[in-house]
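Below you'll find the structure, written out as structure tokens, and then a few comments.
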Amino acid sequence: MGSDENLEKIKIGILGCADVARKVSRAIKLSPNATVRAIGSRSGEKARRYAAENGFPAEARVYGSYEEVVEDGEVEAVYVPLPTSMHEKWAVAAAERGKHVLLEKPAAMDAAEVGRVVEACERNGVQFMDGTMWMHHPRTSRMRELMDDPDLFGHLKSVHVVYTFDAGTEFLKNNIRVKPDLDGLGVLGDIGWYCIRSILWAANYELPNRVLAIGDPVKHDAGTLLACGASLQWGDGKVATFHCSFLGNLAMDSTAVGTKGTLRVHDFVIPFEETSAAFTFGSNSRYNDLVTGWASPPVEHVVKNEVPQEVYMVKEFANLVGKVKDGGKPEKKWADICMVTQIVMDAVKESIDKGCEPVEIVSN
């Protein structure tokens, strides 16, 4: 295709004026192969204000409904950052009208909804991807290279993930993520999704056999989850744990331990800096002779990136859409990865609902 300047720009419509859409809107502007074509909100005035505040192109259309965006014949793809309870309806509506779908996480309320979204995308020949941004950071592919090296990492044995932040009083009172009718999965859907995805990424997306919610999950007065966690077990002996919370200091740590190596990330979802991201990797680690220190301590790896990770996500999505436009088939892996994430999240929710009883997952 030549240089970035010559790339065809995929025209994206945005459904809703969610806060997270500000970041993705900027990513679309920074992407050489995408542009904002339209935005729709239930309030036309809110959509106009949002477009102005976020520097949308002058030619971007502003609508007072979501329906008008998916009906716009020039919109080729949609980004859907609506409340989770609305994802299935509007993702399916977009796919039925031939729009490619970039769906904010969590993808849906349960795996059945994800299945219907994916089926609509496949039936209409459009690309599907969820909005898990860290998957597209160059750091992630570098970590994958090291973990896939049998001499450096060996076989995965355990993964342990924590993601917490102090949401504050106003959030806990009014944010949609504590409203059962809008985002009924609460913290599990919001940041537990990232924890589960990190675990599955380390395990090459192999589903665990057994899931068990940990301890006493903390719930909002309205019933939504504010803090929870779970342990996961595989038939070959691998184990994993995660904890997610709206009630703790900001932390996002992930540790994967293999038979020969250990990988640690302290900012796995949102890097400390936009222009670089680090992780540590230790291989064949051991004590020194007197066991007073390490003879082979972990090494820090710093991965520089030209643009923020959400730009890499938009570029990849638009690139896949472009390939479909050129006669290719949609890339199915993103739907598969999304589905296994949702299946595990469903199992965690089921275990919580059953009073922290174990839940078995049967792989197809």
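Going by the structure tokens order, chains are called A, B, ..., each with residues numbered from 1, while ligands are numbered from 1 in the order shown.
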
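Residues in contact with Lys315 (chain A) at up to 8 Å, not including ones fewer than 3 positions away on its chain and judged by only C-alpha atoms, are Ser31, Pro32, Asn33, Ala34, Val311, Tyr312, Ala318 and Asn319 of chain A.
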
Exercise for the section: Identify, on the basis of only C-alpha atoms, every residue whose closest approach to region 113-119 of chain A does not exceed 8 Å; exclude the query and any residue fewer than 4 positions from it along the same chain; express the result as a PyMOL selection string. Expected result: chain A and resi 88+91-92+107-109+123+128+335+339+342

Counting only C-alpha atoms, which residues of region 140-251 of chain A fall within 9 Å of region 267-281 of chain A, and what is the closest atom pair for each with its distance in Å at one decimal, ordered by chain and rising number, as a Markdown table?
| residue | atom | partner | partner_atom | distance |
| --- | --- | --- | --- | --- |
| A:Thr140 | CA | A:Phe268 | CA | 8.9 |
| A:Met143 | CA | A:Phe279 | CA | 8.1 |
| A:Leu146 | CA | A:Phe281 | CA | 8.3 |
| A:Tyr163 | CA | A:Val269 | CA | 8.6 |
| A:Tyr194 | CA | A:Val269 | CA | 7.1 |
| A:Cys195 | CA | A:Val269 | CA | 8.9 |
| A:Ser198 | CA | A:Phe268 | CA | 8.3 |
| A:Ala251 | CA | A:Asp267 | CA | 7.4 |

Output N, CA and C atoms for every residue in that selection, as a compact mmCIF listing (two decimals), in the first residue's frame.
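Below is the file that was written, selection04.txt:
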# COMPACT_ATOMS: atom_id res chain seq x y z
N THR A 140 3.54 -6.55 24.31
CA THR A 140 2.84 -7.82 24.43
C THR A 140 3.45 -8.87 23.50
N MET A 143 6.82 -9.98 24.94
CA MET A 143 6.65 -10.91 26.05
C MET A 143 6.28 -12.30 25.54
N LEU A 146 9.32 -14.34 24.41
CA LEU A 146 10.10 -14.93 25.49
C LEU A 146 9.37 -16.10 26.14
N TYR A 163 -5.62 -6.33 39.72
CA TYR A 163 -5.94 -5.02 39.14
C TYR A 163 -6.95 -4.35 40.07
N TYR A 194 -9.85 -7.77 32.22
CA TYR A 194 -8.42 -7.66 31.91
C TYR A 194 -7.61 -8.75 32.62
N CYS A 195 -7.97 -9.01 33.86
CA CYS A 195 -7.25 -10.05 34.62
C CYS A 195 -7.41 -11.41 33.96
N SER A 198 -5.47 -11.59 30.73
CA SER A 198 -4.03 -11.74 30.98
C SER A 198 -3.68 -13.19 31.29
N ALA A 251 -3.29 -0.49 41.15
CA ALA A 251 -2.28 -1.53 40.95
C ALA A 251 -2.73 -2.41 39.81

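CA of Gly328 (chain A) is found 28.5 Å from CA of Ala21 (chain A).
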
Exercise for the section: Enumerate as a list in words all residues of region 84-183 of chain A assigned to strand (DSSP E) by DSSP on the backbone, naming them with the chain letters and numbers the document uses. Expected result: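 So, restricting region 84-183 of chain A to strand (DSSP E), we get His100, Val101, Leu102, Leu103, Phe128, Met129, Asp130, Leu156, Lys157, Ser158, Val159, His160, Val161, Val162, Tyr163, Thr164, Phe165 and Asp166 of chain A.
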
Residues near region 47-62 of chain A, anyone? I mean within 6 Å using only C-alpha atoms, not counting same-chain ones fewer than 6 positions away, as a PDB file with N, CA and C atoms, in the first residue's frame.
ATOM      1  N   ARG A  37     -16.137   9.117  11.145  1.00  0.00           N
ATOM      2  CA  ARG A  37     -17.120   9.549  10.154  1.00  0.00           C
ATOM      3  C   ARG A  37     -18.395  10.072  10.795  1.00  0.00           C
ATOM      4  N   ALA A  38     -18.746   9.495  11.979  1.00  0.00           N
ATOM      5  CA  ALA A  38     -20.006   9.893  12.607  1.00  0.00           C
ATOM      6  C   ALA A  38     -19.979   9.554  14.092  1.00  0.00           C
ATOM      7  N   ILE A  39     -20.793  10.265  14.846  1.00  0.00           N
ATOM      8  CA  ILE A  39     -21.025   9.923  16.244  1.00  0.00           C
ATOM      9  C   ILE A  39     -22.513  10.079  16.511  1.00  0.00           C
ATOM     10  N   SER A  41     -25.588   9.914  19.667  1.00  0.00           N
ATOM     11  CA  SER A  41     -25.962   9.888  21.083  1.00  0.00           C
ATOM     12  C   SER A  41     -27.469  10.032  21.162  1.00  0.00           C
TER      13      SER A  41
END

Problem - Surrounding residues of Asp181 (chain A) excluding itself and chain neighbours under 3 positions, 12 Å, only C-alpha atoms, as JSON, numbers by chain - result: {"A": [83, 84, 85, 86, 109, 175, 176, 177, 178, 184, 185, 186, 222, 223, 224]}

Save the residues we just selected, all heavy atoms, as a CSV table (one decimal), in the first residue's frame?
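So the final result, stored in result_5.csv, reads:
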chain,number,residue,atom,x,y,z
A,83,PRO,N,-23.0,1.0,27.5
A,83,PRO,CA,-23.1,0.1,28.6
A,83,PRO,C,-23.2,-1.3,28.2
A,83,PRO,O,-23.8,-1.6,27.1
A,83,PRO,CB,-24.4,0.6,29.3
A,83,PRO,CG,-24.4,2.1,29.0
A,83,PRO,CD,-24.0,2.2,27.6
A,84,THR,N,-22.6,-2.2,28.9
A,84,THR,CA,-22.6,-3.6,28.5
A,84,THR,C,-23.9,-4.2,28.2
A,84,THR,O,-24.0,-5.0,27.2
A,84,THR,CB,-21.9,-4.5,29.6
A,84,THR,OG1,-20.7,-3.8,30.0
A,84,THR,CG2,-21.6,-5.9,29.1
A,85,SER,N,-25.0,-3.8,28.9
A,85,SER,CA,-26.3,-4.4,28.6
A,85,SER,C,-26.8,-4.0,27.2
A,85,SER,O,-27.8,-4.6,26.7
A,85,SER,CB,-27.3,-3.9,29.7
A,85,SER,OG,-27.4,-2.5,29.7
A,86,MET,N,-26.2,-3.0,26.6
A,86,MET,CA,-26.6,-2.6,25.3
A,86,MET,C,-25.7,-3.1,24.1
A,86,MET,O,-26.0,-2.9,22.9
A,86,MET,CB,-26.7,-1.1,25.2
A,86,MET,CG,-27.6,-0.4,26.3
A,86,MET,SD,-27.4,1.4,26.4
A,86,MET,CE,-28.1,1.9,24.8
A,109,MET,N,-22.9,-9.4,28.4
A,109,MET,CA,-23.3,-9.8,29.7
A,109,MET,C,-23.0,-11.3,30.0
A,109,MET,O,-22.7,-11.7,31.1
A,109,MET,CB,-24.8,-9.6,30.0
A,109,MET,CG,-25.2,-8.1,30.0
A,109,MET,SD,-24.3,-7.2,31.3
A,109,MET,CE,-24.9,-8.1,32.8
A,175,ASN,N,-21.7,6.0,38.9
A,175,ASN,CA,-21.1,5.4,37.7
A,175,ASN,C,-22.0,4.3,37.1
A,175,ASN,O,-22.5,3.5,37.9
A,175,ASN,CB,-19.7,5.0,37.9
A,175,ASN,CG,-18.9,4.8,36.6
A,175,ASN,OD1,-19.0,3.7,36.0
A,175,ASN,ND2,-18.3,5.8,36.1
A,176,ILE,N,-22.0,4.2,35.8
A,176,ILE,CA,-22.8,3.1,35.2
A,176,ILE,C,-22.3,1.7,35.6
A,176,ILE,O,-23.0,0.7,35.6
A,176,ILE,CB,-22.9,3.2,33.7
A,176,ILE,CG1,-21.5,3.0,33.0
A,176,ILE,CG2,-23.5,4.5,33.2
A,176,ILE,CD1,-21.5,2.9,31.5
A,177,ARG,N,-21.0,1.6,36.0
A,177,ARG,CA,-20.4,0.3,36.3
A,177,ARG,C,-20.9,-0.2,37.7
A,177,ARG,O,-20.5,-1.3,38.0
A,177,ARG,CB,-18.9,0.4,36.3
A,177,ARG,CG,-18.3,0.5,34.8
A,177,ARG,CD,-16.9,0.9,34.8
A,177,ARG,NE,-16.8,2.3,34.9
A,177,ARG,CZ,-15.6,3.0,34.7
A,177,ARG,NH1,-14.5,2.3,34.4
A,177,ARG,NH2,-15.6,4.3,34.8
A,178,VAL,N,-21.7,0.5,38.4
A,178,VAL,CA,-22.3,0.0,39.6
A,178,VAL,C,-23.8,-0.1,39.4
A,178,VAL,O,-24.6,-0.4,40.4
A,178,VAL,CB,-22.0,0.8,40.8
A,178,VAL,CG1,-20.4,0.8,41.1
A,178,VAL,CG2,-22.5,2.3,40.7
A,184,GLY,N,-24.2,-4.7,34.7
A,184,GLY,CA,-24.5,-5.6,35.9
A,184,GLY,C,-23.4,-6.5,36.4
A,184,GLY,O,-23.5,-7.1,37.4
A,185,LEU,N,-22.3,-6.5,35.6
A,185,LEU,CA,-21.1,-7.3,36.0
A,185,LEU,C,-20.2,-6.6,36.9
A,185,LEU,O,-19.3,-7.2,37.5
A,185,LEU,CB,-20.4,-7.8,34.8
A,185,LEU,CG,-21.1,-8.8,33.9
A,185,LEU,CD1,-20.4,-9.0,32.5
A,185,LEU,CD2,-21.4,-10.1,34.5
A,186,GLY,N,-20.4,-5.3,37.1
A,186,GLY,CA,-19.6,-4.5,38.0
A,186,GLY,C,-18.1,-4.6,37.8
A,186,GLY,O,-17.7,-4.6,36.6
A,222,ALA,N,-26.7,-2.0,45.5
A,222,ALA,CA,-27.6,-2.4,44.4
A,222,ALA,C,-27.3,-3.8,43.9
A,222,ALA,O,-28.0,-4.4,43.0
A,222,ALA,CB,-27.4,-1.4,43.2
A,223,GLY,N,-26.3,-4.5,44.4
A,223,GLY,CA,-26.0,-5.9,44.1
A,223,GLY,C,-24.8,-6.1,43.1
A,223,GLY,O,-24.4,-7.2,42.9
A,224,THR,N,-24.3,-5.0,42.5
A,224,THR,CA,-23.2,-5.2,41.6
A,224,THR,C,-21.9,-5.4,42.4
A,224,THR,O,-21.7,-5.0,43.5
A,224,THR,CB,-23.0,-4.0,40.7
A,224,THR,OG1,-23.0,-2.8,41.5
A,224,THR,CG2,-24.1,-3.9,39.6

Handout entry: Nearest residue to Pro208 (chain A) from the set A:Gln233, A:Asn174, A:Thr164, A:Ser158 (distances using only C-alpha atoms)
Key = A:Gln233

Exercise for the section: Using DSSP on the backbone coordinates, identify the residues of region 138-245 of chain A assigned to helix (DSSP H, G or I); present them as JSON, numbers by chain. Expected result: {"A": [138, 139, 140, 141, 142, 143, 144, 145, 146, 147, 169, 170, 171, 172, 173, 174, 176, 177, 178, 186, 187, 188, 189, 190, 191, 192, 193, 194, 195, 196, 197, 198, 199, 200, 201, 202]}

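Here CA of Pro150 (chain A) is placed at a distance of 18.9 Å from CA of Val239 (chain A).
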
Problem - Top pick for closest residue to His301 (chain A), considering A:Lys173, A:Lys349, A:His160, A:Arg264 and counting only C-alpha atoms - result: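 The shortest atom-to-atom distance to His301 (chain A) comes from A:Arg264.
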
Problem - Pairwise distance for CA of Val187 (chain A) and CA of Cys228 (chain A), rounded to one decimal in Å - result: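 So the answer is 7.7 Å.
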
Problem - Polymer residues at most 8 Å from Met133 (chain A), only C-alpha atoms, same-chain spacing of 3 or more positions, as a VMD selection string - result: chain A and resid 136 to 137 269 309 to 310 313

Practice task
Determine, counting only C-alpha atoms, which protein, DNA and RNA residues have an atom within 12 Å of an atom of Tyr287 (chain A); residues of the same chain fewer than 5 positions away are not included. Present the result as a ChimeraX atom specification.
Solution key: /A:292-297

Suppose we keep all heavy atoms; can you now write the selection as an mmCIF file, in the first residue's frame?
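Generated output (selection_13.cif):
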data_model
loop_
_atom_site.group_PDB
_atom_site.id
_atom_site.type_symbol
_atom_site.label_atom_id
_atom_site.label_comp_id
_atom_site.auth_asym_id
_atom_site.auth_seq_id
_atom_site.Cartn_x
_atom_site.Cartn_y
_atom_site.Cartn_z
ATOM 1 N N THR A 292 22.388 -15.465 49.976
ATOM 2 C CA THR A 292 22.228 -14.093 50.472
ATOM 3 C C THR A 292 21.737 -13.151 49.376
ATOM 4 O O THR A 292 21.565 -11.959 49.602
ATOM 5 C CB THR A 292 23.562 -13.562 51.007
ATOM 6 O OG1 THR A 292 24.545 -13.631 49.963
ATOM 7 C CG2 THR A 292 24.028 -14.368 52.218
ATOM 8 N N GLY A 293 21.551 -13.695 48.209
ATOM 9 C CA GLY A 293 21.077 -12.899 47.083
ATOM 10 C C GLY A 293 20.842 -13.781 45.877
ATOM 11 O O GLY A 293 20.886 -15.015 45.977
ATOM 12 N N TRP A 294 20.596 -13.148 44.742
ATOM 13 C CA TRP A 294 20.334 -13.879 43.503
ATOM 14 C C TRP A 294 21.576 -13.869 42.629
ATOM 15 O O TRP A 294 22.189 -12.817 42.392
ATOM 16 C CB TRP A 294 19.193 -13.222 42.727
ATOM 17 C CG TRP A 294 17.840 -13.334 43.368
ATOM 18 C CD1 TRP A 294 17.530 -13.145 44.680
ATOM 19 C CD2 TRP A 294 16.610 -13.632 42.706
ATOM 20 N NE1 TRP A 294 16.189 -13.298 44.887
ATOM 21 C CE2 TRP A 294 15.595 -13.598 43.699
ATOM 22 C CE3 TRP A 294 16.267 -13.915 41.394
ATOM 23 C CZ2 TRP A 294 14.258 -13.844 43.390
ATOM 24 C CZ3 TRP A 294 14.938 -14.150 41.091
ATOM 25 C CH2 TRP A 294 13.941 -14.132 42.079
ATOM 26 N N ALA A 295 21.917 -15.026 42.113
ATOM 27 C CA ALA A 295 23.039 -15.117 41.181
ATOM 28 C C ALA A 295 22.627 -14.685 39.773
ATOM 29 O O ALA A 295 23.466 -14.258 38.985
ATOM 30 C CB ALA A 295 23.585 -16.544 41.148
ATOM 31 N N SER A 296 21.340 -14.786 39.467
ATOM 32 C CA SER A 296 20.854 -14.412 38.132
ATOM 33 C C SER A 296 19.513 -13.690 38.278
ATOM 34 O O SER A 296 18.456 -14.284 38.073
ATOM 35 C CB SER A 296 20.698 -15.662 37.258
ATOM 36 O OG SER A 296 19.905 -16.633 37.932
ATOM 37 N N PRO A 297 19.554 -12.415 38.686
ATOM 38 C CA PRO A 297 18.311 -11.667 38.898
ATOM 39 C C PRO A 297 17.581 -11.411 37.587
ATOM 40 O O PRO A 297 18.179 -11.463 36.504
ATOM 41 C CB PRO A 297 18.793 -10.354 39.516
ATOM 42 C CG PRO A 297 20.182 -10.196 39.008
ATOM 43 C CD PRO A 297 20.740 -11.587 38.939
#

Problem - Residues within 12 Å of Met345 (chain A), only C-alpha atoms, excluding chain neighbours under 6 positions, as a ChimeraX atom specification - result: /A:105-111,185-197,199-200,207-208,211-213,228-232,242,338-339,351-352,359,361

Exercise for the section: Determine the nearest neighbour of Pro180 (chain A) from the options A:Ser245, A:Glu96, A:Leu225, A:Glu331, counting only C-alpha atoms. Expected result: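 Nearest candidate to Pro180 (chain A) out of A:Ser245, A:Glu96, A:Leu225, A:Glu331: A:Leu225.
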
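Each of A:Thr262, A:Leu156, A:Pro217, A:Phe165 was compared to Ala203 (chain A) using only C-alpha atoms, and A:Leu156 turns out to be the nearest.
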